Structure formats: C-alpha cells, structure tokens
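Chemist: For reference, this is coords_24.txt, and it has compact mmCIF, C-alpha atoms.
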```txt
# COMPACT_ATOMS: atom_id res chain seq x y z
CA MET A 4 -18.26 -110.46 -16.03
CA PHE A 5 -20.55 -108.91 -13.40
CA GLN A 6 -17.66 -108.60 -10.95
CA SER A 7 -15.54 -106.59 -13.41
CA HIS A 8 -18.38 -104.06 -13.90
CA ARG A 9 -18.74 -103.69 -10.14
CA ALA A 10 -14.99 -103.20 -9.80
CA ARG A 11 -15.02 -100.51 -12.48
CA LEU A 12 -17.96 -98.79 -10.86
CA ALA A 13 -16.28 -98.89 -7.45
CA PHE A 14 -13.08 -97.50 -8.95
CA PHE A 15 -15.03 -94.66 -10.59
CA VAL A 16 -16.92 -93.81 -7.39
CA VAL A 17 -13.67 -93.69 -5.42
CA CYS A 18 -11.75 -91.69 -8.04
CA ALA A 19 -14.52 -89.27 -9.15
CA PRO A 20 -13.97 -86.76 -6.32
CA THR A 21 -10.25 -86.76 -7.05
CA LEU A 22 -10.87 -86.14 -10.74
CA THR A 23 -13.11 -83.16 -10.00
CA LEU A 24 -10.46 -81.65 -7.74
CA ALA A 25 -7.81 -82.18 -10.39
CA ALA A 26 -9.89 -80.31 -12.98
CA LYS A 27 -8.34 -77.19 -14.44
CA PRO A 28 -8.96 -74.02 -12.42
CA ARG A 29 -11.07 -71.34 -13.98
CA PRO A 30 -9.05 -69.02 -16.19
CA CYS A 31 -8.24 -65.48 -15.15
CA ILE A 32 -10.49 -62.82 -16.63
CA PRO A 33 -9.57 -59.35 -17.91
CA THR A 34 -10.17 -56.34 -15.67
CA ASP A 35 -12.98 -54.94 -17.84
CA GLU A 36 -15.00 -58.11 -17.17
CA ALA A 37 -14.03 -58.09 -13.48
CA THR A 38 -15.83 -54.77 -12.96
CA ARG A 39 -19.12 -56.68 -13.27
CA MET A 40 -18.17 -59.28 -10.63
CA ILE A 41 -18.44 -57.27 -7.41
CA ASN A 42 -17.94 -59.30 -4.18
CA LYS A 43 -16.73 -62.38 -6.08
CA ASP A 44 -13.46 -64.20 -5.46
CA ILE A 45 -11.89 -64.33 -8.92
CA CYS A 46 -8.58 -64.26 -10.73
CA ILE A 47 -7.86 -61.23 -12.90
CA SER A 48 -5.40 -60.98 -15.75
CA ALA A 49 -3.89 -57.53 -16.25
CA HIS A 50 -0.90 -55.65 -17.57
CA VAL A 51 0.72 -53.41 -14.96
CA TYR A 52 1.65 -50.13 -16.63
CA ASP A 53 2.94 -48.41 -13.51
CA VAL A 54 3.22 -48.74 -9.72
CA VAL A 55 2.12 -45.60 -7.89
CA GLN A 56 2.88 -44.95 -4.21
CA LEU A 57 1.11 -42.34 -2.11
CA PRO A 58 2.88 -40.45 0.71
CA ASP A 59 1.04 -42.58 3.33
CA GLY A 60 2.54 -45.79 1.86
CA THR A 61 -0.53 -46.99 -0.05
CA ARG A 62 0.50 -48.50 -3.39
CA PHE A 63 -1.54 -48.91 -6.57
CA LEU A 64 -0.95 -51.12 -9.57
CA ASP A 65 -2.01 -49.03 -12.57
CA VAL A 66 -3.73 -51.53 -14.88
CA CYS A 67 -5.16 -48.95 -17.29
CA SER A 68 -3.22 -47.93 -20.39
CA PRO A 69 -1.60 -44.48 -20.44
CA GLN A 70 -4.06 -43.43 -23.17
CA THR A 71 -7.01 -44.05 -20.80
CA PRO A 72 -7.91 -40.96 -18.73
CA ASP A 73 -8.02 -41.55 -14.98
CA ASP A 74 -11.77 -40.91 -14.78
CA GLN A 75 -12.33 -43.59 -17.48
CA CYS A 76 -10.28 -46.26 -15.65
CA ARG A 77 -12.83 -48.61 -14.05
CA PHE A 78 -10.51 -51.02 -12.15
CA THR A 79 -7.67 -50.65 -9.66
CA VAL A 80 -5.43 -52.88 -7.54
CA VAL A 81 -4.45 -51.41 -4.17
CA SER A 82 -1.93 -52.57 -1.56
CA LEU A 83 -2.28 -51.05 1.91
CA PRO A 84 0.74 -49.92 3.96
CA GLU A 85 0.14 -52.49 6.72
CA ASP A 86 0.50 -55.29 4.14
CA ARG A 87 3.85 -54.11 2.77
CA ALA A 88 5.88 -56.90 4.43
CA ASP A 89 3.50 -59.62 3.17
CA VAL A 90 3.20 -58.24 -0.37
CA GLY A 91 6.83 -57.33 -0.95
CA GLU A 92 8.28 -55.13 -3.65
CA LEU A 93 5.79 -54.23 -6.37
CA ARG A 94 8.09 -52.28 -8.73
CA LYS A 95 9.24 -55.58 -10.27
CA TYR A 96 5.75 -56.00 -11.77
CA ARG A 97 5.95 -52.73 -13.73
CA ASP A 98 5.44 -53.40 -17.48
CA ALA A 99 4.52 -57.03 -16.78
CA ASP A 100 1.46 -59.19 -17.28
CA VAL A 101 0.17 -60.52 -13.95
CA ASN A 102 -2.60 -62.77 -12.64
CA ILE A 103 -3.98 -61.80 -9.25
CA ARG A 104 -6.58 -63.64 -7.19
CA GLY A 105 -8.82 -61.72 -4.82
CA ILE A 106 -12.25 -60.36 -4.07
CA VAL A 107 -13.50 -57.58 -6.33
CA GLN A 108 -14.84 -54.71 -4.23
CA PRO A 109 -16.40 -51.33 -5.01
CA MET A 110 -13.79 -48.59 -4.42
CA HIS A 111 -14.69 -44.92 -4.81
CA GLY A 112 -16.78 -45.27 -7.95
CA ARG A 113 -14.76 -48.06 -9.55
CA ALA A 114 -14.12 -51.73 -8.95
CA GLY A 115 -10.91 -52.85 -7.32
CA MET A 116 -9.02 -55.59 -5.59
CA VAL A 117 -6.94 -55.41 -2.42
CA LEU A 118 -3.53 -57.01 -2.77
CA SER A 119 -2.70 -58.15 0.77
CA HIS A 120 -0.28 -61.06 0.24
CA ALA A 121 2.26 -62.08 -2.43
CA ARG A 122 0.60 -65.49 -2.77
CA GLN A 123 -2.27 -63.78 -4.61
CA PHE A 124 0.04 -63.56 -7.65
CA TYR A 125 0.19 -67.37 -7.66
CA GLY A 126 -3.51 -68.13 -7.18
CA GLY A 127 -3.46 -68.07 -3.38
CA PRO A 128 -6.07 -66.39 -1.20
CA PRO A 129 -5.82 -62.88 0.28
CA LYS A 130 -4.66 -62.43 3.86
CA PHE A 131 -7.36 -63.23 6.42
CA ARG A 132 -8.68 -60.21 8.29
CA PRO A 133 -11.01 -60.84 11.23
CA ASN A 134 -14.25 -58.87 11.33
CA PRO A 135 -13.68 -56.10 13.91
CA LEU A 136 -17.40 -55.99 14.75
CA LEU A 137 -17.34 -59.62 15.88
CA ALA A 138 -14.23 -59.24 18.04
CA ARG A 139 -15.32 -55.93 19.63
CA GLY A 140 -14.27 -55.57 23.25
CA PHE A 141 -11.98 -58.60 23.15
CA THR A 142 -8.25 -58.71 23.63
CA ALA A 143 -6.03 -61.74 23.90
CA ASP A 144 -5.08 -60.75 27.47
CA GLN A 145 -8.60 -61.40 28.75
CA GLU A 146 -9.55 -64.68 30.34
CA ARG A 147 -13.15 -64.51 29.20
CA PRO A 148 -14.22 -65.67 25.74
CA PRO A 149 -14.95 -63.04 23.05
CA VAL A 150 -18.64 -63.98 22.92
CA TYR A 151 -21.13 -64.89 25.62
CA ASP A 152 -21.81 -68.59 25.47
CA PRO A 153 -23.83 -70.13 28.33
CA ASN A 154 -22.13 -73.47 27.69
CA LEU A 155 -18.76 -71.96 28.59
CA ARG A 156 -20.03 -70.60 31.94
CA ARG A 157 -18.94 -72.27 35.15
CA GLN A 158 -21.74 -74.44 36.47
CA GLY A 159 -22.81 -74.35 40.11
CA GLY A 160 -21.00 -71.18 41.12
CA HIS A 161 -24.01 -69.42 42.67
CA ARG A 162 -26.99 -71.57 43.32
CA ALA A 163 -30.32 -70.08 44.19
CA PHE A 164 -31.28 -73.21 46.12
CA MET A 165 -29.70 -73.40 49.58
CA ASN A 166 -27.82 -70.18 49.25
CA SER A 167 -25.95 -69.47 52.49
CA ARG A 168 -27.27 -65.90 52.69
CA ASP A 169 -30.89 -67.02 52.50
CA GLN A 170 -30.85 -69.61 55.29
CA GLU A 171 -33.33 -69.32 58.12
CA PRO A 172 -32.01 -69.58 61.64
CA LEU A 173 -32.53 -72.95 63.30
CA PRO A 174 -34.92 -73.01 66.29
CA LYS A 175 -33.22 -73.01 69.69
CA LYS A 176 -33.50 -76.03 71.94
```
Write the structure described by the file as structure tokens, please.

Modeler:
Amino acid sequence: MFQSHRARLAFFVVCAPTLTLAAKPRPCIPTDEATRMINKDICISAHVYDVVQLPDGTRFLDVCSPQTPDDQCRFTVVSLPEDRADVGELRKYRDADVNIRGIVQPMHGRAGMVLSHARQFYGGPPKFRPNPLLARGFTADQERPPVYDPNLRRQGGHRAFMNSRDQEPLPKK
C-alpha cells in the first residue's frame, strides 16, 4: 500500500512540469485592452479593416473601424520596410480577424505593435533585433570581441617582470 502511494507521488512529481507546459496558452485580448499593457509581450485579437502602405514601404494594419476617427484610434500594427520579406503579403488579411503576438509599445501618442515576422500571426515571437548600443563599434570582420573582457586577453604577452628593454647591463669581466 505504501509503495503505491510513493509510486503515484513520484509519477506526479515527474509529470507536473509537463502538465504545466501543456496548459492552455493565455487567450488573445482585444486591442482596447492592449493599450493598457505597454511593454508587455501579449497576443492581440483584432479585425483588420484595411492595409495601408506609405510611400517609404511602411505598412499599417488598420484595426479601428471606419466609423472611428483617426485621432480616436488608440492602437496600430506597423510593419517596417526592412521586414517585408519576413512578414510577406499583408493584403490577404484585409477584412479578416487575426491574432498577433508581440510587444506593445508606445507609438506617437498611441499604443502599437511591430509586426516583424509572419510567425507572429501563429503565436510565434517577433524577429530578434540586437541592441545597437551594445554592439557599437563592432563588425563581424574584426578579430577582437565586441566587449572588453580581461578573461579573453592573451596572457603573458608583455610582462613587466624581466622585460627585455629594462635589463641592466652585465658587469664586464
């Protein structure tokens, strides 16, 4: 009897992490609630009324109804020109309900989300962008590391002890 309880407990301890990972993901929230979740990685649920493209190639998913004036629209989804190949064609989402995962950011007086990869429509993360301030002055052609780390320095290159330039002349016989 005691052994069966231990076996059940062991089974639960082993399977508990798997069960928590298999839990249902959080549901997508409407865009009016997303405006209060600045700098959070969330999933939004929206209806795309139109896809607008600027002359520079920047594209917007218009998620506000046509009856809403532009100054009253509090949320936007933007796709930058450099992400066009990764995002793909957006006109197919016109007049469709979509779920998009991303980080809500403040954008010119409203909240918004950058659409940088097509996988965001399926719950995937946005495209990784390295912080330019951390990689400043570094190119892949350089042999040195992008940050100064004393542990990566060659050891014993120039020693202060017994340096050949600091040697005293030997006395003559």

Chemist: Would you compute the distance between atom CA of Asp89 of chain A and atom CA of Ala121 of chain A? Give it in Å to one decimal.

Modeler: 6.2 Å

Chemist: Tell me, in Å to one decimal, how far atom CA of Arg122 of chain A is from atom CA of Ala37 of chain A.

Modeler: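 Here the two named atoms are 19.6 Å from each other.
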
Chemist: Which residues, protein or nucleic acid, reach to within 12 Å of (5.9, -55.8, 4.2) in the file's coordinates when using all atoms listed in the file, and can you give that as a ChimeraX atom specification?

Modeler: /A:60-62,82-93,118-121

Chemist: Considering all atoms listed in the file, can you say which of A:Arg29, A:Arg132, A:His111, A:Lys176 comes closest to Cys76 of chain A?

Modeler: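 Looking only at the distances to Cys76 of chain A, the closest residue turns out to be A:His111.
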
Chemist: Could you state the separation of atom CA of Arg113 of chain A and atom CA of Pro30 of chain A in Å, given to one decimal place?

Modeler: 22.7 Å

Chemist: Residues within 12 Å of Gly126 of chain A, please, as a PyMOL selection string. Count all atoms listed in the file; anything in the same chain fewer than 6 positions from it doesn't count.

Modeler: chain A and resi 28-31+44-48+101-105+118+120

Chemist: Would you save the residues of that selection, restricted to C-alpha atoms, as a PDB file, in the frame of the given file?

Modeler:
```pdb
ATOM      1  CA  PRO A  28      -8.960 -74.020 -12.420  1.00  0.00           C
ATOM      2  CA  ARG A  29     -11.070 -71.340 -13.980  1.00  0.00           C
ATOM      3  CA  PRO A  30      -9.050 -69.020 -16.190  1.00  0.00           C
ATOM      4  CA  CYS A  31      -8.240 -65.480 -15.150  1.00  0.00           C
ATOM      5  CA  ASP A  44     -13.460 -64.200  -5.460  1.00  0.00           C
ATOM      6  CA  ILE A  45     -11.890 -64.330  -8.920  1.00  0.00           C
ATOM      7  CA  CYS A  46      -8.580 -64.260 -10.730  1.00  0.00           C
ATOM      8  CA  ILE A  47      -7.860 -61.230 -12.900  1.00  0.00           C
ATOM      9  CA  SER A  48      -5.400 -60.980 -15.750  1.00  0.00           C
ATOM     10  CA  VAL A 101       0.170 -60.520 -13.950  1.00  0.00           C
ATOM     11  CA  ASN A 102      -2.600 -62.770 -12.640  1.00  0.00           C
ATOM     12  CA  ILE A 103      -3.980 -61.800  -9.250  1.00  0.00           C
ATOM     13  CA  ARG A 104      -6.580 -63.640  -7.190  1.00  0.00           C
ATOM     14  CA  GLY A 105      -8.820 -61.720  -4.820  1.00  0.00           C
ATOM     15  CA  LEU A 118      -3.530 -57.010  -2.770  1.00  0.00           C
ATOM     16  CA  HIS A 120      -0.280 -61.060   0.240  1.00  0.00           C
TER      17      HIS A 120
END
```

Chemist: From the list A:Gln123, A:Pro69, A:Ala114, A:Tyr96, which residue is nearest Val54 of chain A when using all atoms listed in the file?

Modeler: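 Result for the nearest residue to Val54 of chain A: A:Tyr96.
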
Chemist: Measuring between all atoms listed in the file, which one of A:Ile106, A:Val55, A:Leu173, A:Cys67 shows the shortest distance to Met40 of chain A?

Modeler: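 Under the stated criterion, the closest residue is A:Ile106.
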
Chemist: I want to know what sits within 10 Å of Tyr52 of chain A, based on all atoms listed in the file, with residues of the same chain fewer than 5 positions away left out; could you give that as a PyMOL selection string?

Modeler: chain A and resi 64-69+96-100

Chemist: Kindly add N, CA and C atoms to the incomplete segment 80-115 of chain A and provide the output as a compact mmCIF listing (two decimals), in the frame of the given file.

Modeler:
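As written to disk, selection-v8.txt reads:
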```
# COMPACT_ATOMS: atom_id res chain seq x y z
N VAL A 80 -5.97 -51.91 -8.50
CA VAL A 80 -5.43 -52.88 -7.54
C VAL A 80 -4.67 -52.06 -6.51
N VAL A 81 -5.04 -52.20 -5.24
CA VAL A 81 -4.45 -51.41 -4.17
C VAL A 81 -3.78 -52.32 -3.15
N SER A 82 -2.64 -51.87 -2.63
CA SER A 82 -1.93 -52.57 -1.56
C SER A 82 -1.76 -51.59 -0.41
N LEU A 83 -2.29 -51.94 0.75
CA LEU A 83 -2.28 -51.05 1.91
C LEU A 83 -0.93 -51.07 2.60
N PRO A 84 -0.58 -49.99 3.32
CA PRO A 84 0.74 -49.92 3.96
C PRO A 84 0.98 -51.03 4.98
N GLU A 85 -0.05 -51.46 5.71
CA GLU A 85 0.14 -52.49 6.72
C GLU A 85 0.44 -53.87 6.12
N ASP A 86 0.23 -54.02 4.82
CA ASP A 86 0.50 -55.29 4.14
C ASP A 86 1.84 -55.29 3.40
N ARG A 87 2.62 -54.25 3.55
CA ARG A 87 3.85 -54.11 2.77
C ARG A 87 4.80 -55.29 2.96
N ALA A 88 4.95 -55.78 4.18
CA ALA A 88 5.88 -56.90 4.43
C ALA A 88 5.38 -58.18 3.78
N ASP A 89 4.06 -58.40 3.76
CA ASP A 89 3.50 -59.62 3.17
C ASP A 89 3.45 -59.57 1.64
N VAL A 90 3.30 -58.38 1.08
CA VAL A 90 3.20 -58.24 -0.37
C VAL A 90 4.58 -58.18 -1.01
N GLY A 91 5.49 -57.46 -0.39
CA GLY A 91 6.83 -57.33 -0.95
C GLY A 91 6.93 -56.19 -1.92
N GLU A 92 8.00 -56.20 -2.69
CA GLU A 92 8.28 -55.13 -3.65
C GLU A 92 7.38 -55.28 -4.88
N LEU A 93 6.70 -54.20 -5.23
CA LEU A 93 5.79 -54.23 -6.37
C LEU A 93 6.39 -53.65 -7.65
N ARG A 94 7.50 -52.90 -7.53
CA ARG A 94 8.09 -52.28 -8.73
C ARG A 94 8.54 -53.32 -9.76
N LYS A 95 8.81 -54.55 -9.32
CA LYS A 95 9.24 -55.58 -10.27
C LYS A 95 8.12 -56.00 -11.21
N TYR A 96 6.88 -55.65 -10.90
CA TYR A 96 5.75 -56.00 -11.77
C TYR A 96 5.43 -54.92 -12.79
N ARG A 97 6.17 -53.80 -12.76
CA ARG A 97 5.95 -52.73 -13.73
C ARG A 97 6.24 -53.26 -15.14
N ASP A 98 5.37 -52.95 -16.08
CA ASP A 98 5.44 -53.40 -17.48
C ASP A 98 5.42 -54.92 -17.59
N ALA A 99 4.63 -55.57 -16.74
CA ALA A 99 4.52 -57.03 -16.78
C ALA A 99 3.05 -57.44 -16.78
N ASP A 100 2.79 -58.60 -17.34
CA ASP A 100 1.46 -59.19 -17.28
C ASP A 100 1.37 -60.03 -16.02
N VAL A 101 0.32 -59.82 -15.23
CA VAL A 101 0.17 -60.52 -13.95
C VAL A 101 -1.22 -61.15 -13.86
N ASN A 102 -1.32 -62.17 -13.04
CA ASN A 102 -2.60 -62.77 -12.64
C ASN A 102 -2.70 -62.61 -11.14
N ILE A 103 -3.80 -62.05 -10.67
CA ILE A 103 -3.98 -61.80 -9.25
C ILE A 103 -5.32 -62.35 -8.82
N ARG A 104 -5.33 -63.12 -7.74
CA ARG A 104 -6.58 -63.64 -7.19
C ARG A 104 -7.00 -62.78 -6.02
N GLY A 105 -8.30 -62.51 -5.94
CA GLY A 105 -8.82 -61.72 -4.82
C GLY A 105 -10.30 -61.48 -4.98
N ILE A 106 -10.83 -60.70 -4.07
CA ILE A 106 -12.25 -60.36 -4.07
C ILE A 106 -12.41 -58.97 -4.66
N VAL A 107 -13.24 -58.87 -5.69
CA VAL A 107 -13.50 -57.58 -6.33
C VAL A 107 -14.45 -56.80 -5.44
N GLN A 108 -14.05 -55.55 -5.13
CA GLN A 108 -14.84 -54.71 -4.23
C GLN A 108 -15.09 -53.36 -4.88
N PRO A 109 -16.20 -52.70 -4.52
CA PRO A 109 -16.40 -51.33 -5.01
C PRO A 109 -15.45 -50.39 -4.26
N MET A 110 -14.76 -49.52 -5.01
CA MET A 110 -13.79 -48.59 -4.42
C MET A 110 -13.93 -47.22 -5.06
N HIS A 111 -14.58 -46.30 -4.38
CA HIS A 111 -14.69 -44.92 -4.81
C HIS A 111 -15.12 -44.77 -6.28
N GLY A 112 -16.22 -45.41 -6.61
CA GLY A 112 -16.78 -45.27 -7.95
C GLY A 112 -16.21 -46.20 -9.00
N ARG A 113 -15.31 -47.08 -8.61
CA ARG A 113 -14.76 -48.06 -9.55
C ARG A 113 -14.63 -49.39 -8.83
N ALA A 114 -14.33 -50.42 -9.57
CA ALA A 114 -14.12 -51.73 -8.95
C ALA A 114 -12.62 -51.88 -8.67
N GLY A 115 -12.31 -52.67 -7.66
CA GLY A 115 -10.91 -52.85 -7.32
C GLY A 115 -10.69 -54.12 -6.53
```
